[in-house]
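Note: the block below is my_file_21.cif and it holds mmCIF, C-alpha atoms and all ligand atoms.
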```cif
data_entry
loop_
_atom_site.label_atom_id
_atom_site.label_comp_id
_atom_site.auth_asym_id
_atom_site.auth_seq_id
_atom_site.Cartn_x
_atom_site.Cartn_y
_atom_site.Cartn_z
CA MET A 648 140.18 142.16 140.48
CA PRO A 649 138.21 139.61 138.45
CA THR A 650 135.12 140.95 136.74
CA GLN A 651 131.99 139.61 138.26
CA ASN A 652 129.83 137.72 135.88
CA LEU A 653 126.50 139.51 136.27
CA ASP A 654 124.88 137.07 133.87
CA ASP A 655 125.01 134.51 136.65
CA PHE A 656 122.33 136.45 138.51
CA PHE A 657 119.88 135.97 135.68
CA ASN A 658 120.66 132.37 135.04
CA VAL A 659 117.88 131.25 137.34
CA ASP A 660 116.09 128.01 137.02
CA SER A 661 112.41 128.79 137.40
CA SER A 662 111.62 125.11 137.81
CA ALA A 663 113.39 125.38 141.17
CA SER A 664 110.78 127.84 142.43
CA LEU A 665 108.27 126.58 144.96
CA ILE A 666 105.77 129.23 144.03
CA LYS A 667 103.11 129.05 141.36
CA ASP A 668 101.22 132.23 142.20
CA TRP A 669 101.75 134.51 145.20
CA LYS A 670 98.36 136.18 144.88
CA TYR A 671 96.79 133.45 147.03
CA PHE A 672 98.86 134.78 149.91
CA ASP A 673 97.93 138.42 149.44
CA ASP A 674 96.34 140.04 152.48
CA ASP A 675 93.17 140.94 150.65
CA PHE A 676 92.82 137.72 148.69
CA LEU A 677 89.29 136.39 149.12
CA PRO A 678 89.12 132.64 148.53
CA GLU A 679 86.33 131.18 146.42
CA VAL A 680 85.39 128.77 149.21
CA LEU A 681 85.45 129.61 152.90
CA HIS A 682 85.98 126.24 154.52
CA HIS A 683 84.11 125.59 157.76
CA ARG A 684 82.15 128.79 157.48
CA GLU A 685 79.34 127.52 155.28
CA ASP A 686 76.83 127.58 158.15
CA LYS A 687 77.71 131.16 159.07
CA LEU A 688 77.39 132.33 155.48
CA GLU A 689 74.01 130.64 155.14
CA LYS A 690 72.72 132.22 158.35
CA ILE A 691 73.74 135.71 157.26
CA ALA A 692 72.38 135.25 153.75
CA LYS A 693 69.07 133.95 155.05
CA HIS A 694 68.70 136.85 157.44
CA LEU A 695 69.44 139.47 154.79
CA SER A 696 67.30 137.79 152.17
CA THR A 697 64.17 138.92 154.04
CA ALA A 698 64.99 142.42 152.79
CA PHE A 699 64.10 141.07 149.34
CA THR A 700 60.59 140.12 150.37
CA GLN A 701 59.63 142.42 153.24
CA GLN A 702 59.80 146.15 153.51
CA THR A 703 60.76 146.22 157.18
CA LYS A 704 63.87 146.99 159.10
CA LEU A 705 65.91 143.92 159.93
CA ASN A 706 67.20 143.17 163.40
CA PRO A 707 70.84 144.15 163.63
CA LEU A 708 73.17 141.27 162.97
CA ILE A 709 76.38 141.02 164.92
CA LEU A 710 79.29 138.74 164.09
CA VAL A 711 81.53 138.25 167.09
CA GLY A 712 84.84 136.47 167.19
CA THR A 713 88.52 136.88 167.89
CA PRO A 714 90.79 138.08 165.03
CA GLY A 715 91.34 135.76 162.09
CA THR A 716 88.15 133.74 162.49
CA GLY A 717 86.79 134.66 159.07
CA LYS A 718 84.34 137.49 159.84
CA THR A 719 85.64 139.91 157.23
CA ALA A 720 85.96 137.20 154.61
CA CYS A 721 82.30 136.21 155.16
CA LEU A 722 81.09 139.81 155.06
CA LYS A 723 82.87 140.50 151.79
CA LYS A 724 81.25 137.44 150.25
CA ILE A 725 77.87 138.52 151.57
CA HIS A 726 78.33 142.07 150.31
CA GLU A 727 79.07 140.74 146.88
CA VAL A 728 76.20 138.27 146.75
CA VAL A 729 73.54 140.65 148.12
CA SER A 730 74.59 143.49 145.78
CA ARG A 731 74.65 141.17 142.78
CA ASN A 732 71.22 139.71 143.49
CA ALA A 733 69.67 143.09 144.32
CA SER A 734 70.72 144.49 140.99
CA LYS A 735 69.79 141.31 139.13
CA MET A 736 66.31 141.36 140.64
CA LYS A 737 66.06 145.14 140.44
CA LYS A 738 65.42 145.50 144.16
CA PRO A 739 65.84 148.95 145.73
CA ILE A 740 68.50 147.61 148.08
CA LYS A 741 71.90 149.20 148.58
CA VAL A 742 74.63 147.46 150.53
CA PHE A 743 77.67 149.24 151.91
CA TYR A 744 80.69 147.39 153.22
CA LEU A 745 82.64 149.70 155.52
CA ARG A 746 85.76 148.77 157.43
CA VAL A 747 85.48 151.41 160.09
CA GLY A 748 88.22 150.32 162.50
CA ASN A 749 90.47 153.21 161.56
CA MET A 750 87.75 155.76 160.82
CA ASN A 751 86.21 158.25 163.15
CA SER A 752 82.45 158.59 163.08
CA SER A 753 82.35 161.88 161.17
CA THR A 754 84.51 160.42 158.41
CA LEU A 755 82.14 157.50 158.33
CA TYR A 756 79.05 159.63 157.82
CA ARG A 757 80.77 161.69 155.17
CA TYR A 758 81.92 158.57 153.44
CA ILE A 759 78.44 157.12 153.25
CA ALA A 760 76.96 160.46 152.25
CA ASN A 761 79.49 160.85 149.45
CA ASP A 762 78.75 157.41 148.19
CA ILE A 763 75.07 158.08 148.03
CA ARG A 764 75.81 161.41 146.41
CA THR A 765 76.75 159.55 143.26
CA ASP A 766 72.99 159.55 142.75
CA GLY A 767 73.47 163.29 142.30
CA LYS A 768 71.11 164.05 145.13
CA PHE A 769 73.27 164.85 148.09
CA THR A 770 75.50 167.88 148.16
CA PRO A 771 76.10 168.95 151.73
CA LYS A 772 77.81 172.31 151.93
CA GLY A 773 80.72 172.17 154.29
CA GLY A 774 81.03 174.43 157.31
CA GLN A 775 84.19 176.45 157.63
CA GLY A 776 86.80 175.44 155.13
CA GLY A 777 84.68 172.58 153.88
CA VAL A 778 85.05 170.68 157.09
CA TYR A 779 81.68 169.30 158.08
CA GLU A 780 80.71 169.70 161.64
CA LYS A 781 79.92 166.26 162.92
CA GLN A 782 76.36 166.89 163.96
CA ARG A 783 75.64 168.83 160.82
CA THR A 784 76.95 166.09 158.61
CA ILE A 785 74.72 163.66 160.38
CA GLU A 786 71.66 165.84 159.98
CA LYS A 787 72.39 166.22 156.31
CA PHE A 788 72.93 162.56 156.03
CA LEU A 789 69.64 161.84 157.74
CA ASP A 790 67.90 164.24 155.44
CA LEU A 791 69.34 162.47 152.53
CA ILE A 792 68.42 158.93 153.35
CA GLY A 793 65.17 160.03 154.97
CA GLU A 794 63.97 161.81 151.89
CA SER A 795 65.74 159.29 149.76
CA ALA A 796 66.91 161.07 146.73
CA THR A 797 64.75 159.56 144.08
CA GLY A 798 61.69 159.76 146.27
CA GLY A 799 61.63 156.00 146.15
CA LYS A 800 62.01 153.72 149.05
CA PHE A 801 65.43 152.22 149.58
CA HIS A 802 66.60 149.57 151.96
CA TYR A 803 70.14 150.44 153.00
CA ILE A 804 72.07 147.56 154.46
CA ILE A 805 75.19 148.90 156.09
CA ILE A 806 77.97 146.54 157.08
CA PHE A 807 80.26 147.95 159.77
CA ASP A 808 83.39 145.86 160.01
CA GLU A 809 85.58 146.35 163.09
CA ILE A 810 83.05 148.71 164.66
CA ASP A 811 84.34 147.94 168.18
CA LYS A 812 87.62 149.68 167.40
CA MET A 813 85.81 152.86 166.42
CA LEU A 814 83.50 152.76 169.41
CA MET A 815 86.29 152.10 171.88
CA ARG A 816 88.44 154.85 170.46
CA GLU A 817 85.65 157.39 170.41
CA ARG A 818 84.28 156.31 173.74
CA LYS A 819 84.57 159.76 175.27
CA ASN A 820 82.93 161.66 172.39
CA LEU A 821 80.22 159.09 172.03
CA SER A 822 79.21 159.17 175.64
CA LYS A 823 78.71 162.91 175.38
CA SER A 824 76.37 162.61 172.47
CA VAL A 825 74.77 159.26 171.76
CA ALA A 826 73.45 160.72 168.55
CA VAL A 827 76.81 160.34 166.87
CA ASN A 828 77.14 156.68 167.74
CA PRO A 829 76.65 154.93 164.41
CA LEU A 830 74.95 151.95 166.03
CA HIS A 831 72.46 154.24 167.70
CA TYR A 832 72.06 156.24 164.58
CA PHE A 833 71.40 153.57 162.07
CA GLN A 834 69.40 151.40 164.39
CA CYS A 835 67.18 154.00 166.00
CA ILE A 836 66.43 156.50 163.28
CA GLU A 837 63.02 156.34 161.73
CA LEU A 838 63.35 157.31 158.13
CA LYS A 839 60.47 158.86 156.29
CA HIS A 840 60.68 156.66 153.26
CA SER A 841 63.67 154.41 153.44
CA ILE A 842 64.85 151.68 155.75
CA CYS A 843 68.26 151.14 157.20
CA SER A 844 69.52 147.84 158.58
CA ILE A 845 72.91 147.11 160.02
CA VAL A 846 75.36 144.27 160.17
CA CYS A 847 78.43 144.58 162.41
CA ALA A 848 81.55 142.56 162.97
CA LEU A 849 83.58 142.92 166.11
CA ASN A 850 86.14 141.23 168.34
CA ASP A 851 85.05 142.74 171.58
CA ILE A 852 81.40 142.41 172.52
CA ARG A 853 81.84 144.89 175.38
CA CYS A 854 81.26 147.75 172.97
CA ILE A 855 77.67 146.56 172.61
CA SER A 856 77.04 146.07 176.31
CA ARG A 857 78.32 149.59 176.89
CA LEU A 858 75.71 151.14 174.61
CA ASP A 859 73.56 153.76 176.28
CA SER A 860 70.20 152.46 177.46
CA SER A 861 68.15 154.22 174.79
CA THR A 862 70.16 152.45 172.10
CA SER A 863 70.45 149.08 173.77
CA SER A 864 66.71 148.86 174.49
CA ARG A 865 66.08 149.11 170.76
CA PHE A 866 69.07 147.06 169.82
CA LYS A 867 67.72 143.53 169.69
CA ALA A 868 70.59 142.01 167.89
CA ILE A 869 71.02 138.57 166.45
CA THR A 870 74.49 137.39 167.30
CA ILE A 871 76.53 134.93 165.28
CA THR A 872 79.61 133.69 167.06
CA TYR A 873 82.79 132.90 165.15
CA PRO A 874 84.77 130.32 167.10
CA LYS A 875 88.52 130.00 166.79
CA TYR A 876 89.54 127.52 164.12
CA ASN A 877 90.65 124.15 165.43
CA ALA A 878 93.65 122.26 164.10
CA ASP A 879 91.74 120.23 161.50
CA GLU A 880 89.98 123.32 160.19
CA LEU A 881 93.21 125.28 159.90
CA LYS A 882 94.78 122.33 158.16
CA ASP A 883 92.04 122.29 155.50
CA ILE A 884 92.32 126.03 154.94
CA ILE A 885 96.09 126.13 154.61
CA GLN A 886 96.25 122.98 152.51
CA ASP A 887 93.83 124.60 150.05
CA ARG A 888 96.04 127.72 149.80
CA ILE A 889 99.16 125.62 149.42
CA ASP A 890 97.59 123.62 146.57
CA LYS A 891 96.64 126.82 144.76
CA ALA A 892 99.73 128.91 145.38
CA LEU A 893 102.60 126.42 145.31
CA MET A 894 104.05 123.69 143.14
CA PRO A 895 103.11 120.14 144.15
CA ASP A 896 104.98 118.70 147.14
CA SER A 897 106.35 122.05 148.24
CA VAL A 898 105.32 121.73 151.87
CA SER A 899 105.76 118.54 153.88
CA GLY A 900 102.71 117.01 155.54
CA GLY A 901 104.55 117.28 158.84
CA ALA A 902 104.97 121.03 158.41
CA VAL A 903 101.25 121.50 157.70
CA SER A 904 100.23 119.45 160.74
CA PHE A 905 102.75 121.17 162.96
CA LEU A 906 101.62 124.66 161.92
CA SER A 907 97.92 123.97 162.19
CA SER A 908 98.02 122.33 165.60
CA ARG A 909 100.41 124.92 166.97
CA MET A 910 98.23 127.81 165.79
CA ALA A 911 95.01 126.15 166.96
CA ASP A 912 96.54 125.95 170.44
CA ARG A 913 97.73 129.53 170.36
CA SER A 914 95.04 131.65 168.76
CA GLY A 915 93.03 129.77 166.13
CA ASP A 916 93.78 132.83 164.02
CA CYS A 917 93.75 132.05 160.32
CA ARG A 918 95.43 135.30 159.29
CA GLU A 919 98.38 134.71 161.58
CA THR A 920 98.64 131.10 160.42
CA LEU A 921 98.76 132.11 156.76
CA SER A 922 101.29 134.86 157.49
CA ILE A 923 103.64 132.47 159.25
CA LEU A 924 103.31 129.99 156.42
CA LYS A 925 104.09 132.76 153.94
CA GLN A 926 107.17 133.81 155.90
CA ALA A 927 108.35 130.19 156.05
CA ILE A 928 107.94 129.86 152.28
CA ILE A 929 109.86 133.10 151.62
CA ASP A 930 112.71 131.92 153.83
CA GLY A 931 112.68 128.42 152.38
CA GLN A 932 112.75 129.78 148.87
CA GLU A 933 115.66 132.07 149.73
CA SER A 934 117.69 129.23 151.14
CA ASN A 935 116.91 127.11 148.06
CA ALA A 936 115.00 124.50 150.03
CA THR A 937 113.19 121.98 147.89
CA MET A 938 110.48 121.50 150.49
CA ILE A 939 109.15 123.55 153.42
CA GLU A 940 109.66 121.60 156.61
CA GLU A 941 108.77 122.05 160.25
CA SER A 942 112.06 123.88 160.86
CA HIS A 943 111.09 126.54 158.30
CA ILE A 944 107.77 127.01 160.05
CA ARG A 945 109.51 127.48 163.40
CA GLU A 946 111.86 130.07 161.93
CA GLY A 947 109.00 131.70 160.03
CA GLU A 948 107.03 132.07 163.23
CA LYS A 949 109.91 133.75 165.04
CA LYS A 950 110.52 136.15 162.22
CA PHE A 951 106.84 136.93 161.81
CA LYS A 952 106.47 137.71 165.50
CA ARG A 953 109.51 139.94 165.45
CA ILE A 954 108.27 141.88 162.42
CA THR A 955 104.77 142.24 163.88
CA LEU A 956 106.05 143.51 167.19
CA LEU A 957 108.42 145.93 165.52
CA THR A 958 105.63 147.29 163.32
CA GLN A 959 103.40 147.68 166.35
CA TYR A 960 106.17 149.41 168.26
CA ASN A 961 106.67 151.88 165.43
CA SER A 962 103.07 153.01 165.64
CA LEU A 963 102.95 153.20 169.44
CA PRO A 964 102.18 156.67 170.77
CA LEU A 965 104.80 158.33 172.97
CA HIS A 966 103.44 157.40 176.39
CA TYR A 967 103.09 153.74 175.45
CA ARG A 968 106.77 153.77 174.49
CA LEU A 969 107.73 155.48 177.72
CA ILE A 970 105.83 152.92 179.75
CA LEU A 971 107.38 150.05 177.82
CA LYS A 972 110.83 151.55 178.27
CA SER A 973 110.18 151.88 181.99
CA VAL A 974 109.15 148.23 182.30
CA LEU A 975 112.20 147.13 180.36
CA GLN A 976 114.60 149.29 182.35
CA LYS A 977 113.29 148.34 185.77
CA TRP A 978 113.13 144.67 184.78
CA LEU A 979 116.76 144.77 183.63
CA ASP A 980 117.77 146.62 186.81
CA ASN A 981 116.08 143.85 188.74
CA LYS A 982 118.23 141.22 186.97
CA LYS A 983 115.40 140.19 184.66
CA ARG A 984 113.07 139.37 187.47
CA GLU A 985 109.47 140.60 187.59
CA ILE A 986 109.16 144.12 188.86
CA GLU A 987 106.34 145.56 190.93
CA SER A 988 104.18 148.01 189.00
CA GLN A 989 104.69 150.89 191.42
CA TYR A 990 108.44 151.01 190.65
CA VAL A 991 107.63 151.11 186.96
CA TYR A 992 105.23 153.99 187.47
CA ASP A 993 107.78 155.98 189.47
CA TYR A 994 110.40 155.44 186.80
CA TYR A 995 107.93 156.41 184.06
CA LYS A 996 107.19 159.70 185.84
CA THR A 997 110.90 160.46 185.99
CA LEU A 998 111.29 159.64 182.31
CA CYS A 999 108.52 162.09 181.43
CA THR A 1000 110.26 164.94 183.19
CA HIS A 1001 113.64 164.11 181.68
CA LEU A 1002 112.48 164.30 178.10
CA ARG A 1003 113.88 167.10 175.99
CA GLN A 1004 110.33 168.37 175.70
CA LYS A 1005 108.84 167.67 179.09
CA GLU A 1006 105.63 165.70 179.21
CA ASP A 1007 103.09 165.61 182.00
CA PRO A 1008 102.91 162.03 183.24
CA LEU A 1009 99.58 160.28 182.86
CA GLU A 1010 97.60 159.30 185.92
CA SER A 1011 98.36 155.88 187.29
CA ARG A 1012 94.92 154.62 186.31
CA THR A 1013 95.55 155.48 182.67
CA VAL A 1014 99.03 154.03 182.80
CA TRP A 1015 97.47 150.83 184.06
CA GLU A 1016 95.14 150.73 181.02
CA TYR A 1017 98.14 151.22 178.75
CA VAL A 1018 100.00 148.42 180.52
CA ASN A 1019 97.09 146.11 179.77
CA THR A 1020 97.14 147.08 176.11
CA LEU A 1021 100.88 146.46 175.96
CA GLN A 1022 100.23 143.05 177.44
CA GLN A 1023 97.58 142.25 174.84
CA MET A 1024 99.98 143.30 172.10
CA GLY A 1025 102.58 140.86 173.41
CA PHE A 1026 105.18 143.33 174.69
CA ILE A 1027 104.97 142.58 178.37
CA ASN A 1028 103.65 140.06 180.88
CA VAL A 1029 101.58 141.01 183.90
CA ARG A 1030 101.10 138.76 186.91
CA LYS A 1031 99.26 139.33 190.16
CA ARG A 1032 101.27 138.22 193.18
CA GLY A 1033 101.09 138.49 196.93
CA LEU A 1034 103.47 140.94 198.61
CA GLY A 1035 103.91 138.89 201.71
CA ARG A 1036 101.79 138.10 204.69
CA GLY A 1037 99.09 140.72 205.32
CA LEU A 1038 100.41 143.04 202.63
CA GLY A 1039 97.88 142.28 199.92
CA VAL A 1040 98.61 141.68 196.26
CA SER A 1041 100.25 143.73 193.57
CA ASN A 1042 100.93 143.48 189.86
CA PHE A 1043 104.33 142.38 188.69
CA LEU A 1044 105.62 143.17 185.23
CA SER A 1045 108.22 141.69 182.92
CA VAL A 1046 108.99 141.98 179.21
CA THR A 1047 108.43 139.11 176.78
CA PRO A 1048 111.41 137.40 175.09
CA GLU A 1049 110.24 138.85 171.75
CA THR A 1050 110.38 142.37 173.14
CA LEU A 1051 113.89 141.79 174.37
CA THR A 1052 115.04 140.64 170.93
CA ILE A 1053 113.60 143.67 169.14
CA MET A 1054 114.69 146.21 171.76
CA GLY A 1055 118.28 146.28 170.53
CA GLU A 1056 117.12 147.25 167.04
CA ILE A 1057 114.77 149.85 168.45
CA GLU A 1058 117.45 151.47 170.61
CA ASN A 1059 119.83 151.71 167.67
CA GLU A 1060 117.17 153.29 165.50
CA GLU A 1061 116.19 155.87 168.06
CA GLU A 1062 119.67 157.01 168.90
N1 LIG A 1101 87.21 129.69 156.25
C1 LIG A 1101 88.23 130.24 155.60
N2 LIG A 1101 88.67 129.70 154.45
C2 LIG A 1101 89.71 130.25 153.80
N3 LIG A 1101 90.37 131.34 154.22
C3 LIG A 1101 89.96 131.94 155.36
C4 LIG A 1101 88.88 131.40 156.10
N4 LIG A 1101 88.70 132.17 157.20
C5 LIG A 1101 89.62 133.13 157.15
N5 LIG A 1101 90.38 133.00 156.04
C6 LIG A 1101 91.49 133.87 155.69
O1 LIG A 1101 92.14 134.27 156.87
C7 LIG A 1101 92.43 135.65 156.87
C8 LIG A 1101 91.75 136.31 158.04
O2 LIG A 1101 90.35 136.20 157.93
P1 LIG A 1101 89.37 137.42 158.23
O3 LIG A 1101 88.06 137.13 157.61
O4 LIG A 1101 90.01 138.71 157.83
O5 LIG A 1101 89.29 137.33 159.81
P2 LIG A 1101 88.56 138.32 160.85
O6 LIG A 1101 87.81 139.36 160.07
O7 LIG A 1101 87.67 137.43 161.66
O8 LIG A 1101 89.67 138.92 161.67
C9 LIG A 1101 91.99 136.17 155.53
O9 LIG A 1101 93.11 136.20 154.69
C10 LIG A 1101 91.00 135.14 155.04
O10 LIG A 1101 91.03 135.06 153.64
MG MG A 1102 88.11 141.43 160.13
#
```

When written as structure tokens, how does the structure in this file appear?
Amino acid sequence: MPTQNLDDFFNVDSSASLIKDWKYFDDDFLPEVLHHREDKLEKIAKHLSTAFTQQTKLNPLILVGTPGTGKTACLKKIHEVVSRNASKMKKPIKVFYLRVGNMNSSTLYRYIANDIRTDGKFTPKGGQGGVYEKQRTIEKFLDLIGESATGGKFHYIIIFDEIDKMLMRERKNLSKSVAVNPLHYFQCIELKHSICSIVCALNDIRCISRLDSSTSSRFKAITITYPKYNADELKDIIQDRIDKALMPDSVSGGAVSFLSSRMADRSGDCRETLSILKQAIIDGQESNATMIEESHIREGEKKFKRITLLTQYNSLPLHYRLILKSVLQKWLDNKKREIESQYVYDYYKTLCTHLRQKEDPLESRTVWEYVNTLQQMGFINVRKRGLGRGLGVSNFLSVTPETLTIMGEIENEEE
């Protein structure tokens, strides 16, 4: 057998690479300039700047917009600029940026308390085993900012990013005790010395309208809406990244226009747009393309969707998977035609009882909520349709083409 020449692997021509610097495509890369968000940044900065001149609580500020519209990017910029100016001008202002989407509220309070503890003034003793009881942590926390460590007066500006996710997830707990709702807490508490103002970013405004009345009556928020990016805006943003990250003439003008108008039509989501572009570049680079073209973008999009769906599937809790499996099975049984939701529910109940470790099926109402979530995630389609004359309407389910393509891989893995 001839010996392979391993040297060939290292004989790479770096001038053939399309990429100058990948860091501009990192998930947490924060660009110097946020195109088409100048007005939003100015509004937020102006609002918060009053904390530099007046010693009063600010109205809560809420940034609302669908994913990928630049809320987090703006908040990180604002965090940086307010902190920098507060310390430059020696103002007693502390800004916290907290991405709370995956936190529960007790973790959140502990997190803030620990941060403030770096002043050496807050040392809550844990309950059993060092685990703070939620209410107790909050009381301690209140004590702390109320008395404000140094005895001085601080203005705490707390930025809650993705707060809707926390509120939705903790809906049940929070309705039992409004006191643990961070929005209620930080907005309604009267501190003895200090002041606390909040800024929130969220996708789903319903979490605000669902606030209890005692919170909402005192929650006179200023809302800044983040619209979806249009095609021209997306084009500017991606062209800027391309210029920074890639060698000149690495992406055709046609590919940029195609991607930006396609994504503006779909979601106006800048994160998704950049991810698809990144995938297209990786694939193009691998196939030694000298320029990224529309065809690479199309392939990149498919691959990106597949990977996203697969990742989402892997973190789906058991009952979501069972429901999805039921939709898929009944839809296949029905020769890939939409299937009425009742048949899916019946099948799901059977699946639950046939598991190695039996599971009690969820109530149909809950299953229906899960079906809606699966639809939002892009696994299935739901359509209301009449059942025939005088028989009313029902929901009909089918799986998306993307789900079908990943299902084979999933089945193999789970065997
Ligand atoms: N105006 C913009 N200019 C440049 N990049 C942007 C802009 N808006 C968003 N991005 C980028 O798009 C991605 C998603 O934005 P992000 O602020 O996280 O959206 P959101 O928080 O609204 O879901 C980030 O990588 C961000 O850097
Ligand atoms: Mg965000």

Item to complete: May I ask you to write as number ranges by chain all residues lying at most 7 Å from ligand LIG 1101 (chain A), with only C-alpha atoms and all ligand atoms counted?
Response: A: 674-678, 680-684, 712-721, 884, 917-918, 921

Response to the item:
Using all atoms listed in the file, the shortest atom-to-atom distance to Ser904 in chain A among A:Arg1032, A:Lys882, A:Arg984, A:His1001 belongs to A:Lys882

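Interatomic distance, CA of Lys723 in chain A to CA of Tyr744 in chain A: 7.4 Å.
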
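A straight line drawn from CA of Leu710 in chain A to CA of Asp686 in chain A is 12.9 Å long.
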
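Among the candidates A:Ile889, A:Val1014, A:Met910, A:Ile923, the one nearest to Lys670 in chain A when counting all atoms listed in the file is A:Ile889.
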
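Considering the residues A:Ser696, A:Leu745, A:Ile740, A:Glu727 and counting all atoms listed in the file, ligand MG 1102 (chain A) has its shortest atom-to-atom contact with A:Leu745.
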
Worksheet item: Of the candidates A:Thr955, A:Thr1020, A:Thr920, A:Thr1000, which shows the shortest atom-to-atom distance to Tyr967 in chain A, using only C-alpha atoms?
Response: A:Thr1020

Proximity of range 901-969 of chain A to range 875-881 of chain A: per-residue shortest pair, 10 Å limit, only C-alpha atoms, as CSV:
```
residue,atom,partner,partner_atom,distance
A:Val903,CA,A:Leu881,CA,9.2
A:Ser904,CA,A:Ala878,CA,7.9
A:Phe905,CA,A:Ala878,CA,9.2
A:Leu906,CA,A:Ala878,CA,8.6
A:Ser907,CA,A:Ala878,CA,5.0
A:Ser908,CA,A:Ala878,CA,4.6
A:Arg909,CA,A:Ala878,CA,7.8
A:Met910,CA,A:Ala878,CA,7.4
A:Ala911,CA,A:Ala878,CA,5.0
A:Asp912,CA,A:Ala878,CA,7.9
A:Arg913,CA,A:Lys875,CA,9.9
A:Ser914,CA,A:Lys875,CA,7.0
A:Gly915,CA,A:Lys875,CA,4.6
A:Asp916,CA,A:Lys875,CA,6.6
A:Cys917,CA,A:Leu881,CA,6.8
A:Thr920,CA,A:Leu881,CA,8.0
A:Leu921,CA,A:Leu881,CA,9.3
```

Practice prompt. Using only C-alpha atoms and all ligand atoms, find the one residue out of A:Phe699, A:Tyr671, A:Tyr873, A:Tyr832 that sits nearest to ligand MG 1102 (chain A).
Written response: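 Closest to ligand MG 1102 (chain A) of all the choices is A:Tyr873.
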
Discussion item. So the first atom is CA of Ala692 in chain A and the second is CA of Val729 in chain A; what is the distance between them in Å, to one decimal place?
Written reply: 7.9 Å

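Ranking A:Glu1049, A:Asp808, A:Asp654, A:Glu679 by their shortest atom-to-atom distance to ligand MG 1102 (chain A), with all atoms listed in the file included, puts A:Asp808 first.
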
Discussion item. When you look at Asp668 in chain A with a cut-off of 12 Å (counting only C-alpha atoms), what residues show up, excluding the ones that are within fewer than 2 positions of it in the same chain? I need them as a PyMOL selection string.
Written reply: chain A and resi 664-666+670-673+676+888-894

Worksheet item: Near Thr937 in chain A, within 9 Å and counting all atoms listed in the file, which residues show up once chain neighbours fewer than 5 positions away are dropped, as a list in words?
Response: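 The contact residues come out as Ala663, Ser664, Leu665, Asp896, Ser897, Val898, Gly931 and Gln932 of chain A.
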
Worksheet item: Which neighbours of Phe807 in chain A fall inside 9 Å, counting all atoms listed in the file, when residues of the same chain fewer than 2 positions from it are skipped, and could you give them as a PyMOL selection string?
Response: chain A and resi 743-748+805+809-810+845-849
